[in-house]
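Asker: input.cif is reproduced in full below (mmCIF, C-alpha atoms).
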data_protein
loop_
_atom_site.label_atom_id
_atom_site.label_comp_id
_atom_site.auth_asym_id
_atom_site.auth_seq_id
_atom_site.Cartn_x
_atom_site.Cartn_y
_atom_site.Cartn_z
CA MET A 1 24.11 4.98 3.92
CA SER A 2 22.40 4.22 0.61
CA PHE A 3 23.45 7.62 -0.72
CA PHE A 4 27.10 7.09 0.16
CA VAL A 5 27.11 3.57 -1.30
CA LEU A 6 25.73 4.94 -4.59
CA LEU A 7 28.15 7.88 -4.53
CA LEU A 8 31.07 5.50 -4.06
CA GLY A 9 29.78 3.28 -6.85
CA SER A 10 29.55 6.25 -9.23
CA ARG A 11 33.30 6.77 -8.89
CA ARG A 12 34.17 3.26 -10.05
CA GLY A 13 34.31 1.64 -13.45
CA GLU A 14 32.72 3.41 -16.40
CA ASN A 15 29.98 5.13 -14.41
CA ILE A 16 29.38 8.86 -14.84
CA ARG A 17 31.39 10.86 -12.32
CA ILE A 18 29.34 13.22 -10.13
CA LYS A 19 31.01 16.63 -9.87
CA LEU A 20 29.51 19.89 -8.65
CA LYS A 21 31.13 21.85 -11.49
CA ASN A 22 29.05 19.82 -13.94
CA VAL A 23 25.76 20.80 -12.27
CA HIS A 24 23.74 23.21 -14.42
CA PHE A 25 20.12 24.22 -13.82
CA ASN A 26 18.02 23.76 -16.89
CA PHE A 27 14.23 24.15 -17.14
CA HIS A 28 14.03 21.42 -19.79
CA PHE A 29 15.59 18.87 -17.43
CA PHE A 30 13.34 19.92 -14.54
CA LYS A 31 10.34 19.50 -16.82
CA GLU A 32 11.48 16.03 -17.92
CA LEU A 33 12.14 14.98 -14.32
CA ALA A 34 8.71 16.20 -13.23
CA ASN A 35 7.08 14.53 -16.22
CA GLY A 36 8.65 11.17 -15.37
CA GLY A 37 8.51 11.42 -11.59
CA ALA A 38 5.04 12.88 -10.97
CA PRO A 39 3.19 9.56 -11.53
CA SER A 40 5.32 7.83 -8.87
CA LEU A 41 4.76 10.73 -6.48
CA PHE A 42 0.98 10.56 -6.94
CA ARG A 43 0.95 6.76 -6.73
CA GLN A 44 2.84 6.57 -3.44
CA GLY A 45 1.49 9.76 -1.88
CA LEU A 46 -2.17 8.93 -2.49
CA ALA A 47 -1.62 5.38 -1.22
CA ALA A 48 -0.75 6.89 2.17
CA VAL A 49 -3.79 9.20 2.06
CA SER A 50 -6.14 6.34 1.11
CA THR A 51 -4.85 4.18 3.96
CA LEU A 52 -5.44 7.01 6.42
CA LEU A 53 -8.99 7.54 5.18
CA LEU A 54 -9.72 3.81 5.12
CA ASN A 55 -8.65 3.38 8.75
CA ASN A 56 -10.62 6.46 9.80
CA PHE A 57 -13.89 5.32 8.20
CA ALA A 58 -13.37 1.69 9.28
CA GLY A 59 -13.02 2.88 12.88
CA THR A 60 -16.10 5.09 12.59
CA TYR A 61 -18.37 2.40 11.17
CA GLY A 62 -16.92 -0.78 12.67
CA GLY A 63 -14.63 0.00 15.58
CA THR A 64 -11.19 -1.43 16.27
CA GLU A 65 -12.10 -4.83 14.83
CA ALA A 66 -12.89 -3.23 11.47
CA ILE A 67 -9.63 -1.27 11.52
CA ALA A 68 -7.70 -4.48 12.20
CA GLY A 69 -9.56 -6.43 9.53
CA MET A 70 -9.16 -3.80 6.84
CA SER A 71 -5.49 -3.28 7.73
CA ILE A 72 -4.84 -7.00 7.25
CA VAL A 73 -6.58 -6.97 3.87
CA THR A 74 -4.59 -3.90 2.80
CA ARG A 75 -1.30 -5.64 3.66
CA VAL A 76 -2.23 -8.87 1.89
CA MET A 77 -3.25 -7.00 -1.25
CA LEU A 78 -0.15 -4.82 -1.05
CA MET A 79 2.05 -7.91 -1.27
CA MET A 80 0.28 -8.98 -4.46
CA ILE A 81 0.36 -5.51 -6.02
CA SER A 82 4.02 -5.02 -5.04
CA ALA A 83 4.92 -8.17 -6.98
CA LEU A 84 3.08 -6.78 -10.00
CA ILE A 85 4.73 -3.36 -9.68
CA GLY A 86 8.13 -5.07 -9.58
CA PHE A 87 7.21 -6.87 -12.78
CA GLY A 88 6.14 -3.56 -14.31
CA GLN A 89 9.36 -1.85 -13.27
CA GLY A 90 11.23 -4.55 -15.16
CA TYR A 91 9.17 -3.67 -18.23
CA GLN A 92 9.86 0.07 -17.94
CA PRO A 93 13.48 0.12 -19.24
CA VAL A 94 12.52 -2.22 -22.08
CA CYS A 95 9.64 0.10 -22.90
CA SER A 96 11.59 3.37 -22.72
CA PHE A 97 14.71 2.13 -24.56
CA ASN A 98 12.73 0.68 -27.45
CA TYR A 99 10.37 3.66 -27.64
CA GLY A 100 13.35 6.01 -27.80
CA ALA A 101 14.91 3.85 -30.50
CA GLY A 102 11.70 3.94 -32.52
CA ILE A 103 11.10 0.18 -32.19
CA LYS A 104 7.53 0.63 -31.06
CA SER A 105 6.48 -2.90 -31.94
CA ARG A 106 8.62 -4.12 -29.02
CA VAL A 107 6.94 -1.64 -26.70
CA LYS A 108 3.58 -3.05 -27.71
CA ALA A 109 4.76 -6.68 -27.52
CA GLY A 110 6.25 -6.11 -24.06
CA TYR A 111 3.04 -4.46 -22.87
CA TYR A 112 0.91 -7.39 -24.02
CA PHE A 113 3.35 -9.92 -22.54
CA CYS A 114 3.48 -8.26 -19.11
CA THR A 115 -0.27 -7.58 -18.99
CA ARG A 116 -1.10 -11.17 -19.93
CA TRP A 117 1.20 -12.87 -17.43
CA GLY A 118 0.42 -10.33 -14.71
CA PHE A 119 -3.28 -11.06 -15.22
CA ILE A 120 -2.69 -14.82 -14.99
CA PHE A 121 -0.57 -14.46 -11.84
CA LEU A 122 -3.10 -12.22 -10.09
CA LEU A 123 -6.00 -14.41 -11.18
CA ALA A 124 -4.29 -17.37 -9.50
CA VAL A 125 -3.41 -15.62 -6.24
CA GLY A 126 -6.82 -13.94 -6.24
CA ALA A 127 -8.50 -17.34 -6.42
CA VAL A 128 -6.40 -18.55 -3.46
CA CYS A 129 -7.20 -15.43 -1.41
CA PHE A 130 -10.92 -15.73 -2.24
CA THR A 131 -11.07 -19.41 -1.30
CA PHE A 132 -9.02 -19.21 1.89
CA ALA A 133 -9.92 -15.69 3.01
CA PRO A 134 -10.87 -16.60 6.63
CA GLU A 135 -7.70 -18.64 7.09
CA ILE A 136 -5.48 -15.89 5.64
CA VAL A 137 -6.98 -13.22 7.89
CA GLY A 138 -6.75 -15.62 10.82
CA TRP A 139 -2.98 -15.89 10.38
CA PHE A 140 -2.72 -12.25 11.40
CA ARG A 141 -5.42 -12.02 14.06
CA ASP A 142 -7.31 -14.85 15.74
CA ASP A 143 -10.44 -12.83 16.48
CA PRO A 144 -13.86 -13.87 15.04
CA ASP A 145 -14.99 -10.26 14.50
CA VAL A 146 -11.76 -9.30 12.75
CA ILE A 147 -11.91 -12.42 10.59
CA LYS A 148 -15.52 -11.69 9.64
CA VAL A 149 -14.76 -8.14 8.54
CA GLY A 150 -11.47 -9.01 6.84
CA SER A 151 -12.74 -12.11 5.03
CA PHE A 152 -15.54 -10.28 3.24
CA ALA A 153 -13.28 -7.38 2.25
CA LEU A 154 -10.51 -9.74 1.12
CA ARG A 155 -12.91 -11.72 -1.07
CA CYS A 156 -14.23 -8.53 -2.64
CA GLN A 157 -10.76 -7.29 -3.50
CA ALA A 158 -9.49 -10.74 -4.55
CA SER A 159 -12.34 -11.02 -7.06
CA VAL A 160 -11.07 -8.01 -9.03
CA ILE A 161 -7.33 -7.99 -8.28
CA CYS A 162 -6.57 -9.41 -11.75
CA LEU A 163 -7.72 -6.05 -13.17
CA SER A 164 -4.65 -4.49 -11.57
CA SER A 165 -2.47 -6.02 -14.28
CA PRO A 166 -3.70 -3.84 -17.18
CA ILE A 167 -4.01 -0.88 -14.77
CA VAL A 168 -0.40 -1.05 -13.57
CA MET A 169 1.12 -1.98 -16.93
CA THR A 170 -0.69 0.83 -18.72
CA ASN A 171 0.51 3.26 -16.05
CA MET A 172 4.09 1.99 -16.42
CA MET A 173 3.95 2.25 -20.22
CA LEU A 174 2.59 5.80 -20.16
CA GLN A 175 5.22 6.87 -17.65
CA SER A 176 8.04 5.26 -19.66
CA ILE A 177 7.12 6.84 -23.00
CA GLY A 178 6.87 10.34 -21.55
CA LYS A 179 3.09 10.69 -21.31
CA GLY A 180 3.34 12.37 -17.93
CA VAL A 181 -0.18 13.81 -17.72
CA LYS A 182 -1.91 10.57 -18.64
CA ALA A 183 0.42 8.57 -16.39
CA SER A 184 -0.28 10.91 -13.47
CA ILE A 185 -4.03 10.55 -13.98
CA MET A 186 -3.68 6.77 -14.05
CA ALA A 187 -1.43 6.77 -10.96
CA SER A 188 -3.92 8.95 -9.09
CA ALA A 189 -7.06 7.04 -10.07
CA ARG A 190 -7.01 3.93 -7.86
CA ASN A 191 -6.14 5.57 -4.55
CA GLY A 192 -7.25 9.11 -5.24
CA ILE A 193 -9.60 10.18 -8.01
CA PHE A 194 -12.01 7.30 -7.42
CA PHE A 195 -11.11 6.05 -3.95
CA ILE A 196 -11.44 9.30 -2.00
CA PRO A 197 -14.99 10.18 -3.18
CA LEU A 198 -16.06 6.54 -2.80
CA ILE A 199 -14.74 6.17 0.77
CA ILE A 200 -16.73 9.26 1.70
CA LEU A 201 -19.93 8.25 -0.12
CA LEU A 202 -20.29 4.46 0.18
CA PRO A 203 -20.07 4.17 4.01
CA LYS A 204 -22.86 6.75 4.28
CA LEU A 205 -25.03 4.52 2.09
CA TRP A 206 -24.13 1.06 3.42
CA GLY A 207 -22.13 1.56 6.60
CA LEU A 208 -19.28 -0.88 7.19
CA THR A 209 -20.13 -2.77 4.00
CA GLY A 210 -19.47 0.44 2.11
CA VAL A 211 -16.02 0.62 3.67
CA GLN A 212 -15.31 -3.00 2.74
CA ILE A 213 -16.25 -2.62 -0.93
CA THR A 214 -14.69 0.82 -1.56
CA GLN A 215 -11.38 -0.47 -2.92
CA THR A 216 -13.16 -3.02 -5.09
CA VAL A 217 -15.41 -0.40 -6.70
CA SER A 218 -12.40 1.92 -7.11
CA ASP A 219 -10.47 -0.84 -8.92
CA ILE A 220 -13.36 -1.41 -11.32
CA CYS A 221 -13.65 2.32 -12.07
CA THR A 222 -9.90 2.57 -12.60
CA PHE A 223 -9.99 -0.37 -15.01
CA LEU A 224 -12.74 1.34 -17.03
CA LEU A 225 -10.54 4.44 -17.22
CA THR A 226 -7.57 2.30 -18.26
CA ILE A 227 -9.26 0.96 -21.39
CA PRO A 228 -9.42 4.22 -23.39
CA MET A 229 -6.02 5.31 -22.02
CA ALA A 230 -4.36 2.09 -23.23
CA VAL A 231 -6.18 1.82 -26.55
CA SER A 232 -5.46 5.42 -27.56
CA GLU A 233 -1.71 4.96 -27.05
CA ILE A 234 -1.35 1.44 -28.42
CA ARG A 235 -2.91 2.60 -31.71
CA LEU A 236 -0.01 5.04 -32.03
CA LEU A 237 2.68 2.38 -31.48
CA LYS A 238 3.64 1.74 -35.06
CA ASP A 239 7.27 1.50 -36.24
#
Once more with this new file: its structure as structure tokens, please.
Answerer:
Amino acid sequence: MSFFVLLLGSRRGENIRIKLKNVHFNFHFFKELANGGAPSLFRQGLAAVSTLLLNNFAGTYGGTEAIAGMSIVTRVMLMMISALIGFGQGYQPVCSFNYGAGIKSRVKAGYYFCTRWGFIFLLAVGAVCFTFAPEIVGWFRDDPDVIKVGSFALRCQASVICLSSPIVMTNMMLQSIGKGVKASIMASARNGIFFIPLIILLPKLWGLTGVQITQTVSDICTFLLTIPMAVSEIRLLKD
């Protein structure tokens, strides 16, 4: 239904008409599409893989209560991160249009603006989640064991969630200015490059606690990777 709504909309007003005779295969366009789309593919695909691994190791080291607790934490954090990603997607057209026009000072100004306010927003909601972690988990499942597992994990993730602002905004900026390789690395870091080895290693060292802190440690590692990625590109943003 979404496809047909968009197809109908493309035939109205001043939109570009979609016609099969205008379709031409061109390696340059495929390359540009892959360059811009690969980060989103890695971001969403690895999120599914990380959730699968998290549930598997939570069940192994803590049983069904751990699976329930970690699932609740994942959903709560996803709501926060989704709000930030929406903010970042609003920055992307501003970033790409101004970068293409050579007005790189606006790209830099927009990056700082979005990173700053995203950080403030996540710092506030992180403080709320940290303070009321047992109550938040209890809204989803009124089970003492689930609340115990979920509360600790939620507090760990809430304590570093503000780091997601520079992580996401840097990823969005790199994707928007055509830095596909760097953007793909950034998109893969949080739920893939760091998370997958950590979810395998940490539970072997600390059991269920290792499962609970995996995402937190992964976020910190991703933030450390973000710093050189962001600095190296921002230095080049001169009109």
Asker: On this structure, which residues satisfy the PyMOL selection byres ((chain A and resi 100-117) around 8), written as number ranges by chain?
Answerer: A: 87-88, 91, 94-99, 118-121, 165-166, 169-170, 173, 177, 234, 237-239
Asker: Work out how far atom CA of A:Lys204 is from atom CA of A:Asn55, in Å to one decimal.
Answerer: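 Between atom CA of A:Asn55 and atom CA of A:Lys204 the gap works out to 15.3 Å.
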Asker: Can you turn the PyMOL selection byres ((chain A and resi 28-37) around 8) into a concrete residue list for this file, as a list of chain:residue names?
Answerer: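 Answer for the PyMOL selection byres ((chain A and resi 28-37) around 8): A:Phe25, A:Asn26, A:Phe27, A:Ala38, A:Pro39, A:Ser40, A:Leu41, A:Gln175, A:Ser176, A:Gly178, A:Lys179, A:Gly180, A:Val181.
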Asker: Mind dumping the selected residues with C-alpha atoms as a PDB file, keeping the file's coordinate frame?
Answerer:
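Result written to out_32.pdb:
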ATOM      1  CA  PHE A  25      20.120  24.220 -13.820  1.00  0.00           C
ATOM      2  CA  ASN A  26      18.020  23.760 -16.890  1.00  0.00           C
ATOM      3  CA  PHE A  27      14.230  24.150 -17.140  1.00  0.00           C
ATOM      4  CA  ALA A  38       5.040  12.880 -10.970  1.00  0.00           C
ATOM      5  CA  PRO A  39       3.190   9.560 -11.530  1.00  0.00           C
ATOM      6  CA  SER A  40       5.320   7.830  -8.870  1.00  0.00           C
ATOM      7  CA  LEU A  41       4.760  10.730  -6.480  1.00  0.00           C
ATOM      8  CA  GLN A 175       5.220   6.870 -17.650  1.00  0.00           C
ATOM      9  CA  SER A 176       8.040   5.260 -19.660  1.00  0.00           C
ATOM     10  CA  GLY A 178       6.870  10.340 -21.550  1.00  0.00           C
ATOM     11  CA  LYS A 179       3.090  10.690 -21.310  1.00  0.00           C
ATOM     12  CA  GLY A 180       3.340  12.370 -17.930  1.00  0.00           C
ATOM     13  CA  VAL A 181      -0.180  13.810 -17.720  1.00  0.00           C
TER      14      VAL A 181
END
Asker: Determine the residue set returned by the PyMOL selection byres ((chain A and resi 128-133) around 10) for the present structure, and present it as a PyMOL selection string.
Answerer: chain A and resi 73+76-77+122-127+134-138+147-148+150-159
Asker: Would you mind exporting C-alpha atoms of the selected residues as a PDB file, in the coordinates of the input?
Answerer:
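The resulting file, part.pdb, is reproduced below:
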ATOM      1  CA  VAL A  73      -6.580  -6.970   3.870  1.00  0.00           C
ATOM      2  CA  VAL A  76      -2.230  -8.870   1.890  1.00  0.00           C
ATOM      3  CA  MET A  77      -3.250  -7.000  -1.250  1.00  0.00           C
ATOM      4  CA  LEU A 122      -3.100 -12.220 -10.090  1.00  0.00           C
ATOM      5  CA  LEU A 123      -6.000 -14.410 -11.180  1.00  0.00           C
ATOM      6  CA  ALA A 124      -4.290 -17.370  -9.500  1.00  0.00           C
ATOM      7  CA  VAL A 125      -3.410 -15.620  -6.240  1.00  0.00           C
ATOM      8  CA  GLY A 126      -6.820 -13.940  -6.240  1.00  0.00           C
ATOM      9  CA  ALA A 127      -8.500 -17.340  -6.420  1.00  0.00           C
ATOM     10  CA  PRO A 134     -10.870 -16.600   6.630  1.00  0.00           C
ATOM     11  CA  GLU A 135      -7.700 -18.640   7.090  1.00  0.00           C
ATOM     12  CA  ILE A 136      -5.480 -15.890   5.640  1.00  0.00           C
ATOM     13  CA  VAL A 137      -6.980 -13.220   7.890  1.00  0.00           C
ATOM     14  CA  GLY A 138      -6.750 -15.620  10.820  1.00  0.00           C
ATOM     15  CA  ILE A 147     -11.910 -12.420  10.590  1.00  0.00           C
ATOM     16  CA  LYS A 148     -15.520 -11.690   9.640  1.00  0.00           C
ATOM     17  CA  GLY A 150     -11.470  -9.010   6.840  1.00  0.00           C
ATOM     18  CA  SER A 151     -12.740 -12.110   5.030  1.00  0.00           C
ATOM     19  CA  PHE A 152     -15.540 -10.280   3.240  1.00  0.00           C
ATOM     20  CA  ALA A 153     -13.280  -7.380   2.250  1.00  0.00           C
ATOM     21  CA  LEU A 154     -10.510  -9.740   1.120  1.00  0.00           C
ATOM     22  CA  ARG A 155     -12.910 -11.720  -1.070  1.00  0.00           C
ATOM     23  CA  CYS A 156     -14.230  -8.530  -2.640  1.00  0.00           C
ATOM     24  CA  GLN A 157     -10.760  -7.290  -3.500  1.00  0.00           C
ATOM     25  CA  ALA A 158      -9.490 -10.740  -4.550  1.00  0.00           C
ATOM     26  CA  SER A 159     -12.340 -11.020  -7.060  1.00  0.00           C
TER      27      SER A 159
END
Asker: Just the residues within 10 Å of A:Val149, please, counting all atoms listed in the file, with nothing from its chain fewer than 3 positions along; format it as a list in words.
Answerer: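 The contact residues come out as Ala58, Gly62, Glu65, Ala66, Ile67, Ala68, Gly69, Met70, Val73, Pro134, Val137, Pro144, Asp145, Val146, Phe152, Ala153, Leu154, Leu208, Thr209 and Gln212 of chain A.
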Asker: If we count only C-alpha atoms, what is near A:Leu8 at a cut-off of 10 Å, once residues fewer than 4 positions away on the same chain are taken out, given as JSON, numbers by chain?
Answerer: {"A": [2, 3, 4, 12, 17, 18]}
Asker: What is the distance, in Å and to one decimal place, between atom CA of A:Ile161 and atom CA of A:Leu201?
Answerer: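 About the pair atom CA of A:Ile161 and atom CA of A:Leu201: they are 22.1 Å apart.
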Asker: Can you tell me how far atom CA of A:Ile196 sits from atom CA of A:Val49, in Å to one decimal?
Answerer: 8.7 Å
Asker: Under the rule that all atoms listed in the file are counted, which of A:Leu6, A:Val23, A:Ala189, A:Leu54 is the nearest residue to A:Leu224?
Answerer: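 So, comparing all the options, the nearest one is A:Ala189.
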Asker: Could you tell me which of A:Arg11, A:Arg141, A:Arg190, A:His24 comes closest to A:Ser164 if we count only C-alpha atoms?
Answerer: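 Under the stated criterion, the closest residue is A:Arg190.
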Asker: Which of these, A:Lys182, A:Leu202, A:Tyr61, A:Gln215, has the shortest distance to A:Glu233 once you count only C-alpha atoms?
Answerer: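 So, comparing all the options, the nearest one is A:Lys182.
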Asker: Between A:Phe57, A:Phe194, A:Trp139, A:Phe223, which residue has the minimum interatomic distance to A:Val160, considering only C-alpha atoms?
Answerer: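 Smallest distance to A:Val160 is found for A:Phe223.
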Asker: Find the residue from A:Ile213, A:Leu53, A:Leu225, A:Leu198 that sits nearest to A:Asn171; use only C-alpha atoms when measuring.
Answerer: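 For A:Asn171, the nearest of the given residues is A:Leu225.
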Asker: Output stretch 170-181 of chain A with N, CA and C atoms present, as a PDB file, in the frame of the given file.
Answerer:
ATOM      1  N   THR A 170      -0.380  -0.364 -17.925  1.00  0.00           N
ATOM      2  CA  THR A 170      -0.690   0.830 -18.720  1.00  0.00           C
ATOM      3  C   THR A 170      -0.045   2.056 -18.089  1.00  0.00           C
ATOM      4  N   ASN A 171      -0.124   2.152 -16.767  1.00  0.00           N
ATOM      5  CA  ASN A 171       0.510   3.260 -16.050  1.00  0.00           C
ATOM      6  C   ASN A 171       2.019   3.272 -16.288  1.00  0.00           C
ATOM      7  N   MET A 172       2.647   2.096 -16.207  1.00  0.00           N
ATOM      8  CA  MET A 172       4.090   1.990 -16.420  1.00  0.00           C
ATOM      9  C   MET A 172       4.464   2.377 -17.856  1.00  0.00           C
ATOM     10  N   MET A 173       3.665   1.933 -18.821  1.00  0.00           N
ATOM     11  CA  MET A 173       3.950   2.250 -20.220  1.00  0.00           C
ATOM     12  C   MET A 173       3.847   3.753 -20.459  1.00  0.00           C
ATOM     13  N   LEU A 174       2.776   4.366 -19.973  1.00  0.00           N
ATOM     14  CA  LEU A 174       2.590   5.800 -20.160  1.00  0.00           C
ATOM     15  C   LEU A 174       3.711   6.607 -19.517  1.00  0.00           C
ATOM     16  N   GLN A 175       4.134   6.177 -18.347  1.00  0.00           N
ATOM     17  CA  GLN A 175       5.220   6.870 -17.650  1.00  0.00           C
ATOM     18  C   GLN A 175       6.532   6.721 -18.413  1.00  0.00           C
ATOM     19  N   SER A 176       6.767   5.548 -18.989  1.00  0.00           N
ATOM     20  CA  SER A 176       8.040   5.260 -19.660  1.00  0.00           C
ATOM     21  C   SER A 176       8.169   5.952 -21.013  1.00  0.00           C
ATOM     22  N   ILE A 177       7.047   6.220 -21.679  1.00  0.00           N
ATOM     23  CA  ILE A 177       7.120   6.840 -23.000  1.00  0.00           C
ATOM     24  C   ILE A 177       6.913   8.357 -22.937  1.00  0.00           C
ATOM     25  N   GLY A 178       6.919   8.894 -21.704  1.00  0.00           N
ATOM     26  CA  GLY A 178       6.870  10.340 -21.550  1.00  0.00           C
ATOM     27  C   GLY A 178       5.490  10.961 -21.552  1.00  0.00           C
ATOM     28  N   LYS A 179       4.451  10.153 -21.383  1.00  0.00           N
ATOM     29  CA  LYS A 179       3.090  10.690 -21.310  1.00  0.00           C
ATOM     30  C   LYS A 179       2.770  11.003 -19.853  1.00  0.00           C
ATOM     31  N   GLY A 180       3.404  12.066 -19.353  1.00  0.00           N
ATOM     32  CA  GLY A 180       3.340  12.370 -17.930  1.00  0.00           C
ATOM     33  C   GLY A 180       1.954  12.686 -17.406  1.00  0.00           C
ATOM     34  N   VAL A 181       1.158  13.431 -18.175  1.00  0.00           N
ATOM     35  CA  VAL A 181      -0.180  13.810 -17.720  1.00  0.00           C
ATOM     36  C   VAL A 181      -1.080  12.583 -17.614  1.00  0.00           C
TER      37      VAL A 181
END
